[in-house]
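Here's the structure, in structure tokens; my notes come after.
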Amino acid sequence: MRSLHDVLALISLAGGVALASACGAVNADAPGPDAGTGLSGDPGVSGVLPCAVDKVLAANCRSCHDSSPKYGAPMPLVTLADLHAAARSNSSRKVYELVPERIADDTKPMPEPPNARLSAADRATLSEWSAAGAPAAGPTDCAVAPPPPPVMTNCKPDLPIGPASDWEMPTDSGDEYVCYGVELSRATPTHVVGFSPRIDNSTIVHHVVLFEADAAVSPTPTKCSSGGSLQWRMVTGWAPGGKGFELPPQAGFPLKTTGSTHYVVQMHYSNPQALAGQKDHSGFDLCTSAPRQYEADVMAFGTQKITIPAGAAYDRTCSVTIPKQFAGLHLIASMPHMHKLGTEMSTQLFAGGATGAATDLGTITGWNFNTQAWLGIKGDGAGGGALTKEGDVITTRCAWKNTTGADVKYGEKTADEMCYSFTTYYPRVDSSLWSWALPAASSTCK
Ligand code: HEC
């Protein structure tokens, strides 16, 4: 194993396309009042349709009442303003007032025959909304609320962590690494056993890593000190497409009962479009529990020795042999990580040497930067996971296709590349020389 001086890397899970916000987009494609239809909307109406109403109209009415109405339908039923416009057949009445009448009209029903009539539930949704005066979506309606947090399967988050203040992304900076600290102390022994990422501004957040540091870090989001994260213990990470992560019942990340545990949230922001006024206060919701039998940790297999020639397909296969002091580790979950030029990634454990029986430690054949998640490891270790033995060989293969006109190297920027398979394991390696990056930094590649 090499010493830490050789560990050059900064952790990074960079780059990527922002996630679409789930429901805020419902009306985003809809034209505003009057847009393009030539029909009169009510310019005094502001706001968007409540999600439930929008859903019924989208599923049952817009095949005809689209923004450009079809099949003889006289008006669109797309925006709130469309519903508040004067009816074509009677200008003293509003479209929304006619809706309950026409959906209940057995001689001239809407939807028009031969289309099926609305279900009783859908009819009630439209009629009750109309009777209430067809209000805009309220602040808690799904049409304007942020997307719900990813669902954790069993544990219920009870410890939210976040920054002391918003970070505002400078308009002129493409990539930015920003850190904030959170001090956690518990009167009784406690383990953190689950992580639910809370992504606030999905336009600029491109990855989040949670570390445990040896000293307190400012709670106010500040540019990270270069190289700082190498001395920290990695706890968990999130990248586009990721969800919550929960440890198996025998392991957890301990919190101190004397003094405090110094957690650091490292945010990678990316603002390639130079948008102004982008703010963020992302964090995590943690699940805590009574102490578990083992203390968990994260390490990374792979390599930092990457130079992908311009315009070429390229791959590296990098191996580490498990030394005696790293035998008996349970590898329980992995998050394979490359950047945007990646095509395939696979990590395997070969029992007793390179020709031994293989256990998959995380394979992704069609790499997609936007769907990076923690994968469970199946193996023969008690309680699931793969158990390391002295002499086992762990091999990570990363493959890329460089579609750019320049060589691409390892690095933290969106346009750089990586080959890390972050792997959660227990019990912790107990050594002052230990770093999460050591297995990757000490691998040999061909
Ligand atoms: C298959 C096409 C089609 C579908 C689907 C459809 N409509 Fe219509 N709609 C029409 C046509 C054509 C007219 C004009 C003729 C009429 O009034 O019957 C119309 C007229 C209306 C009118 C009367 C407008 C006025 O000015 O008098 C209302 C209200 C209406 N539709 C509501 C709805 C609602 C609500 C739905 C969905 C639950 C729906 N429609 C589904 C074709 C459709």
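For the structure tokens, the naming scheme is as follows: chains receive sequential letters (A, B, ...) according to their order of presentation, residues are indexed from 1 within each chain, and ligands are indexed from 1 in presentation order.
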
With a cut-off of 6 Å, could you pull out the residues of chain A touching ligand 1 and give me the nearest pair of atoms for each, distance in Å to one decimal, using only C-alpha atoms and all ligand atoms, ordered by chain and ascending number, as a tab-separated table?
```
residue	atom	partner	partner_atom_place_in_ligand_line	distance
A:Leu57	CA	ligand 1	37 (C)	5.6
A:Asn60	CA	ligand 1	37 (C)	4.7
A:Cys61	CA	ligand 1	37 (C)	3.5
A:Ser63	CA	ligand 1	5 (C)	5.5
A:Cys64	CA	ligand 1	2 (C)	4.3
A:Tyr71	CA	ligand 1	12 (C)	5.9
A:Gly72	CA	ligand 1	12 (C)	4.2
A:Ala73	CA	ligand 1	11 (C)	3.6
A:Pro74	CA	ligand 1	14 (C)	5.5
A:Ala87	CA	ligand 1	26 (O)	4.1
A:Arg88	CA	ligand 1	26 (O)	3.9
A:Ser89	CA	ligand 1	26 (O)	4.1
A:Val95	CA	ligand 1	29 (C)	5.6
A:Leu98	CA	ligand 1	29 (C)	4.5
A:Val99	CA	ligand 1	29 (C)	4.2
A:Arg102	CA	ligand 1	29 (C)	5.6
A:Lys108	CA	ligand 1	18 (O)	6.0
A:Met110	CA	ligand 1	39 (C)	4.5
A:Pro111	CA	ligand 1	41 (C)	3.5
A:Glu112	CA	ligand 1	1 (C)	5.0
```

If we count only C-alpha atoms, what is near range 189-205 of chain A at a cut-off of 7 Å, once residues fewer than 5 positions away on the same chain are taken out, given as a JSON list (two decimals) with N, CA and C atoms, in the first residue's frame?
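Done, and the output landed in part37.json:
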```json
[["chain", "number", "residue", "atom", "x", "y", "z"],
["A", 18, "ALA", "N", -29.16, 18.55, -14.55],
["A", 18, "ALA", "CA", -30.04, 18.74, -13.40],
["A", 18, "ALA", "C", -31.28, 17.87, -13.52],
["A", 19, "LEU", "N", -31.79, 17.44, -12.39],
["A", 19, "LEU", "CA", -33.01, 16.66, -12.38],
["A", 19, "LEU", "C", -34.19, 17.59, -12.62],
["A", 149, "PRO", "N", -38.96, 14.13, -0.88],
["A", 149, "PRO", "CA", -37.64, 13.54, -0.68],
["A", 149, "PRO", "C", -37.69, 12.06, -1.02],
["A", 150, "PRO", "N", -36.53, 11.49, -1.40],
["A", 150, "PRO", "CA", -36.51, 10.06, -1.69],
["A", 150, "PRO", "C", -36.96, 9.27, -0.47],
["A", 152, "MET", "N", -36.97, 6.38, 2.21],
["A", 152, "MET", "CA", -36.12, 5.38, 2.84],
["A", 152, "MET", "C", -37.03, 4.18, 3.12],
["A", 155, "CYS", "N", -36.00, 2.83, 7.85],
["A", 155, "CYS", "CA", -35.74, 3.78, 8.92],
["A", 155, "CYS", "C", -36.45, 5.09, 8.64],
["A", 238, "TRP", "N", -24.07, 11.28, -2.64],
["A", 238, "TRP", "CA", -25.23, 11.32, -3.53],
["A", 238, "TRP", "C", -24.78, 11.89, -4.86],
["A", 243, "LYS", "N", -30.67, 7.71, -4.43],
["A", 243, "LYS", "CA", -31.76, 7.81, -3.46],
["A", 243, "LYS", "C", -31.17, 7.67, -2.06],
["A", 244, "GLY", "N", -32.02, 7.38, -1.11],
["A", 244, "GLY", "CA", -31.54, 7.17, 0.24],
["A", 244, "GLY", "C", -30.71, 5.91, 0.35],
["A", 245, "PHE", "N", -29.99, 5.78, 1.43],
["A", 245, "PHE", "CA", -29.17, 4.59, 1.67],
["A", 245, "PHE", "C", -29.29, 4.21, 3.13],
["A", 246, "GLU", "N", -29.47, 2.91, 3.36],
["A", 246, "GLU", "CA", -29.67, 2.44, 4.72],
["A", 246, "GLU", "C", -28.71, 1.29, 5.00],
["A", 247, "LEU", "N", -28.11, 1.29, 6.18],
["A", 247, "LEU", "CA", -27.17, 0.23, 6.53],
["A", 247, "LEU", "C", -27.90, -1.01, 7.01],
["A", 252, "GLY", "N", -23.34, 0.64, 11.72],
["A", 252, "GLY", "CA", -23.74, 2.04, 11.74],
["A", 252, "GLY", "C", -22.52, 2.94, 11.88],
["A", 253, "PHE", "N", -22.72, 4.25, 11.68],
["A", 253, "PHE", "CA", -21.65, 5.23, 11.85],
["A", 253, "PHE", "C", -21.82, 5.87, 13.23],
["A", 254, "PRO", "N", -20.84, 5.67, 14.13],
["A", 254, "PRO", "CA", -21.03, 6.11, 15.52],
["A", 254, "PRO", "C", -20.95, 7.64, 15.68],
["A", 255, "LEU", "N", -21.75, 8.16, 16.61],
["A", 255, "LEU", "CA", -21.64, 9.57, 17.01],
["A", 255, "LEU", "C", -21.06, 9.60, 18.41],
["A", 257, "THR", "N", -20.24, 10.64, 22.26],
["A", 257, "THR", "CA", -21.01, 11.08, 23.42],
["A", 257, "THR", "C", -20.23, 12.10, 24.24],
["A", 268, "HIS", "N", -20.85, 19.78, -4.53],
["A", 268, "HIS", "CA", -20.28, 20.21, -5.82],
["A", 268, "HIS", "C", -21.40, 20.89, -6.59],
["A", 269, "TYR", "N", -21.19, 22.18, -6.87],
["A", 269, "TYR", "CA", -22.16, 22.93, -7.67],
["A", 269, "TYR", "C", -21.60, 23.13, -9.07],
["A", 270, "SER", "N", -22.49, 23.14, -10.02],
["A", 270, "SER", "CA", -22.08, 23.39, -11.39],
["A", 270, "SER", "C", -23.08, 24.34, -12.02],
["A", 271, "ASN", "N", -22.57, 25.38, -12.64],
["A", 271, "ASN", "CA", -23.45, 26.42, -13.20],
["A", 271, "ASN", "C", -22.99, 26.78, -14.60],
["A", 279, "LYS", "N", -29.51, 29.86, -5.50],
["A", 279, "LYS", "CA", -29.20, 29.61, -4.10],
["A", 279, "LYS", "C", -29.50, 28.16, -3.76],
["A", 280, "ASP", "N", -28.84, 27.68, -2.71],
["A", 280, "ASP", "CA", -29.06, 26.28, -2.32],
["A", 280, "ASP", "C", -28.86, 26.10, -0.82],
["A", 281, "HIS", "N", -29.64, 25.22, -0.23],
["A", 281, "HIS", "CA", -29.38, 24.81, 1.16],
["A", 281, "HIS", "C", -29.61, 23.30, 1.34],
["A", 282, "SER", "N", -29.03, 22.52, 0.42],
["A", 282, "SER", "CA", -29.18, 21.06, 0.49],
["A", 282, "SER", "C", -28.53, 20.47, 1.74],
["A", 283, "GLY", "N", -29.02, 19.32, 2.15],
["A", 283, "GLY", "CA", -28.44, 18.62, 3.29],
["A", 283, "GLY", "C", -28.87, 17.16, 3.28],
["A", 284, "PHE", "N", -28.88, 16.55, 4.43],
["A", 284, "PHE", "CA", -29.30, 15.15, 4.55],
["A", 284, "PHE", "C", -30.28, 15.04, 5.71],
["A", 285, "ASP", "N", -31.19, 14.07, 5.63],
["A", 285, "ASP", "CA", -31.98, 13.65, 6.78],
["A", 285, "ASP", "C", -31.42, 12.30, 7.19],
["A", 286, "LEU", "N", -30.91, 12.24, 8.43],
["A", 286, "LEU", "CA", -30.26, 11.02, 8.91],
["A", 286, "LEU", "C", -31.21, 10.22, 9.79],
["A", 287, "CYS", "N", -31.05, 8.90, 9.74],
["A", 287, "CYS", "CA", -31.75, 8.03, 10.70],
["A", 287, "CYS", "C", -30.74, 7.65, 11.77],
["A", 288, "THR", "N", -31.14, 7.71, 13.02],
["A", 288, "THR", "CA", -30.24, 7.27, 14.09],
["A", 288, "THR", "C", -30.85, 6.06, 14.80],
["A", 289, "SER", "N", -30.00, 5.33, 15.50],
["A", 289, "SER", "CA", -30.48, 4.16, 16.24],
["A", 289, "SER", "C", -29.56, 3.92, 17.43],
["A", 290, "ALA", "N", -29.96, 3.01, 18.29],
["A", 290, "ALA", "CA", -29.07, 2.55, 19.35],
["A", 290, "ALA", "C", -27.83, 1.95, 18.68],
["A", 291, "PRO", "N", -26.69, 1.92, 19.37],
["A", 291, "PRO", "CA", -25.47, 1.46, 18.72],
["A", 291, "PRO", "C", -25.61, 0.03, 18.20],
["A", 292, "ARG", "N", -24.99, -0.19, 17.06],
["A", 292, "ARG", "CA", -25.00, -1.51, 16.46],
["A", 292, "ARG", "C", -23.68, -2.20, 16.72]]
```

message: Could you pull out the helix (DSSP H, G or I) residues of range 21-233 of chain A, going by DSSP on the backbone, and write them as a PyMOL selection string?
response: chain A and resi 51-60+80-84+95-104+120-131+228-231

May I have the residues from that selection written out with N, CA and C atoms, as a tab-separated table (two decimals), in the first residue's frame?
```tsv
chain	number	residue	atom	x	y	z
A	51	CYS	N	-52.71	20.42	-9.04
A	51	CYS	CA	-52.21	19.19	-9.66
A	51	CYS	C	-53.33	18.20	-9.99
A	52	ALA	N	-54.26	18.01	-9.03
A	52	ALA	CA	-55.30	17.00	-9.21
A	52	ALA	C	-56.19	17.35	-10.41
A	53	VAL	N	-56.51	18.64	-10.54
A	53	VAL	CA	-57.35	19.10	-11.65
A	53	VAL	C	-56.58	18.94	-12.97
A	54	ASP	N	-55.32	19.35	-12.93
A	54	ASP	CA	-54.47	19.26	-14.11
A	54	ASP	C	-54.41	17.82	-14.62
A	55	LYS	N	-54.31	16.90	-13.67
A	55	LYS	CA	-54.19	15.49	-14.03
A	55	LYS	C	-55.45	14.97	-14.74
A	56	VAL	N	-56.63	15.35	-14.22
A	56	VAL	CA	-57.88	14.88	-14.83
A	56	VAL	C	-58.03	15.48	-16.23
A	57	LEU	N	-57.71	16.76	-16.37
A	57	LEU	CA	-57.84	17.41	-17.68
A	57	LEU	C	-56.85	16.80	-18.67
A	58	ALA	N	-55.62	16.53	-18.19
A	58	ALA	CA	-54.60	15.98	-19.09
A	58	ALA	C	-55.01	14.59	-19.58
A	59	ALA	N	-55.57	13.79	-18.68
A	59	ALA	CA	-55.87	12.41	-19.05
A	59	ALA	C	-57.15	12.28	-19.87
A	60	ASN	N	-58.09	13.24	-19.73
A	60	ASN	CA	-59.41	13.04	-20.32
A	60	ASN	C	-59.86	14.09	-21.33
A	80	LEU	N	-54.68	27.64	-16.09
A	80	LEU	CA	-55.72	28.18	-15.21
A	80	LEU	C	-56.49	29.28	-15.94
A	81	ALA	N	-55.76	30.11	-16.69
A	81	ALA	CA	-56.41	31.21	-17.41
A	81	ALA	C	-57.41	30.68	-18.45
A	82	ASP	N	-57.07	29.52	-19.08
A	82	ASP	CA	-58.01	28.93	-20.05
A	82	ASP	C	-59.35	28.64	-19.39
A	83	LEU	N	-59.31	28.16	-18.15
A	83	LEU	CA	-60.53	27.78	-17.44
A	83	LEU	C	-61.31	29.01	-16.95
A	84	HIS	N	-60.59	30.14	-16.80
A	84	HIS	CA	-61.26	31.37	-16.35
A	84	HIS	C	-61.70	32.26	-17.51
A	95	VAL	N	-65.56	29.28	-18.60
A	95	VAL	CA	-65.37	27.89	-19.02
A	95	VAL	C	-65.48	26.95	-17.82
A	96	TYR	N	-64.85	27.33	-16.69
A	96	TYR	CA	-64.86	26.41	-15.54
A	96	TYR	C	-66.28	26.18	-15.01
A	97	GLU	N	-67.18	27.18	-15.22
A	97	GLU	CA	-68.56	27.00	-14.76
A	97	GLU	C	-69.30	25.97	-15.61
A	98	LEU	N	-68.92	25.86	-16.88
A	98	LEU	CA	-69.58	24.91	-17.76
A	98	LEU	C	-69.08	23.48	-17.58
A	99	VAL	N	-67.86	23.36	-17.03
A	99	VAL	CA	-67.25	22.03	-16.94
A	99	VAL	C	-68.11	21.04	-16.16
A	100	PRO	N	-68.58	21.39	-14.92
A	100	PRO	CA	-69.39	20.40	-14.18
A	100	PRO	C	-70.68	20.04	-14.92
A	101	GLU	N	-71.24	21.01	-15.65
A	101	GLU	CA	-72.48	20.73	-16.38
A	101	GLU	C	-72.23	19.75	-17.51
A	102	ARG	N	-71.15	19.99	-18.28
A	102	ARG	CA	-70.92	19.13	-19.45
A	102	ARG	C	-70.43	17.73	-19.07
A	103	ILE	N	-69.68	17.62	-17.98
A	103	ILE	CA	-69.23	16.26	-17.63
A	103	ILE	C	-70.37	15.44	-17.04
A	104	ALA	N	-71.47	16.13	-16.60
A	104	ALA	CA	-72.62	15.42	-16.05
A	104	ALA	C	-73.78	15.33	-17.05
A	120	ALA	N	-66.40	8.62	-11.20
A	120	ALA	CA	-67.05	9.45	-10.18
A	120	ALA	C	-66.01	10.31	-9.45
A	121	ALA	N	-64.83	9.75	-9.21
A	121	ALA	CA	-63.79	10.48	-8.47
A	121	ALA	C	-63.29	11.66	-9.29
A	122	ASP	N	-63.04	11.44	-10.59
A	122	ASP	CA	-62.56	12.53	-11.44
A	122	ASP	C	-63.63	13.61	-11.60
A	123	ARG	N	-64.89	13.17	-11.70
A	123	ARG	CA	-65.99	14.12	-11.81
A	123	ARG	C	-66.05	15.01	-10.57
A	124	ALA	N	-65.89	14.37	-9.39
A	124	ALA	CA	-65.92	15.13	-8.13
A	124	ALA	C	-64.76	16.12	-8.07
A	125	THR	N	-63.59	15.71	-8.53
A	125	THR	CA	-62.42	16.60	-8.50
A	125	THR	C	-62.71	17.89	-9.28
A	126	LEU	N	-63.25	17.73	-10.50
A	126	LEU	CA	-63.52	18.92	-11.32
A	126	LEU	C	-64.69	19.73	-10.78
A	127	SER	N	-65.75	19.04	-10.35
A	127	SER	CA	-66.96	19.76	-9.90
A	127	SER	C	-66.70	20.55	-8.61
A	128	GLU	N	-66.02	19.92	-7.67
A	128	GLU	CA	-65.76	20.61	-6.40
A	128	GLU	C	-64.84	21.80	-6.61
A	129	TRP	N	-63.86	21.64	-7.46
A	129	TRP	CA	-62.92	22.73	-7.75
A	129	TRP	C	-63.68	23.89	-8.42
A	130	SER	N	-64.58	23.57	-9.34
A	130	SER	CA	-65.36	24.59	-10.03
A	130	SER	C	-66.28	25.32	-9.05
A	131	ALA	N	-66.94	24.54	-8.17
A	131	ALA	CA	-67.87	25.13	-7.19
A	131	ALA	C	-67.14	26.07	-6.24
A	228	GLY	N	-8.63	18.81	1.48
A	228	GLY	CA	-9.11	18.57	2.84
A	228	GLY	C	-9.80	17.24	3.02
A	229	SER	N	-10.60	16.87	2.01
A	229	SER	CA	-11.44	15.70	2.18
A	229	SER	C	-10.64	14.40	2.23
A	230	LEU	N	-9.36	14.43	1.81
A	230	LEU	CA	-8.58	13.19	1.84
A	230	LEU	C	-8.31	12.71	3.25
A	231	GLN	N	-8.24	13.64	4.19
A	231	GLN	CA	-7.99	13.21	5.57
A	231	GLN	C	-9.29	12.86	6.28
```

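Across A:Ala312, A:Val429, A:Ala251, A:Val393, the tightest approach to Val408 in chain A is made by A:Ala312 when counting only C-alpha atoms.
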
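The residue set within 9 Å of Ser319 in chain A, counting only C-alpha atoms and dropping same-chain residues fewer than 2 places from it, reads Phe301, Gly302, Thr303, Thr317, Thr321, Ala354, Val393, Ile394, Thr395, Thr396, Arg397, Pro439, Ala440, Ser442, Ser443, Thr444, Cys445 and Lys446 of chain A.
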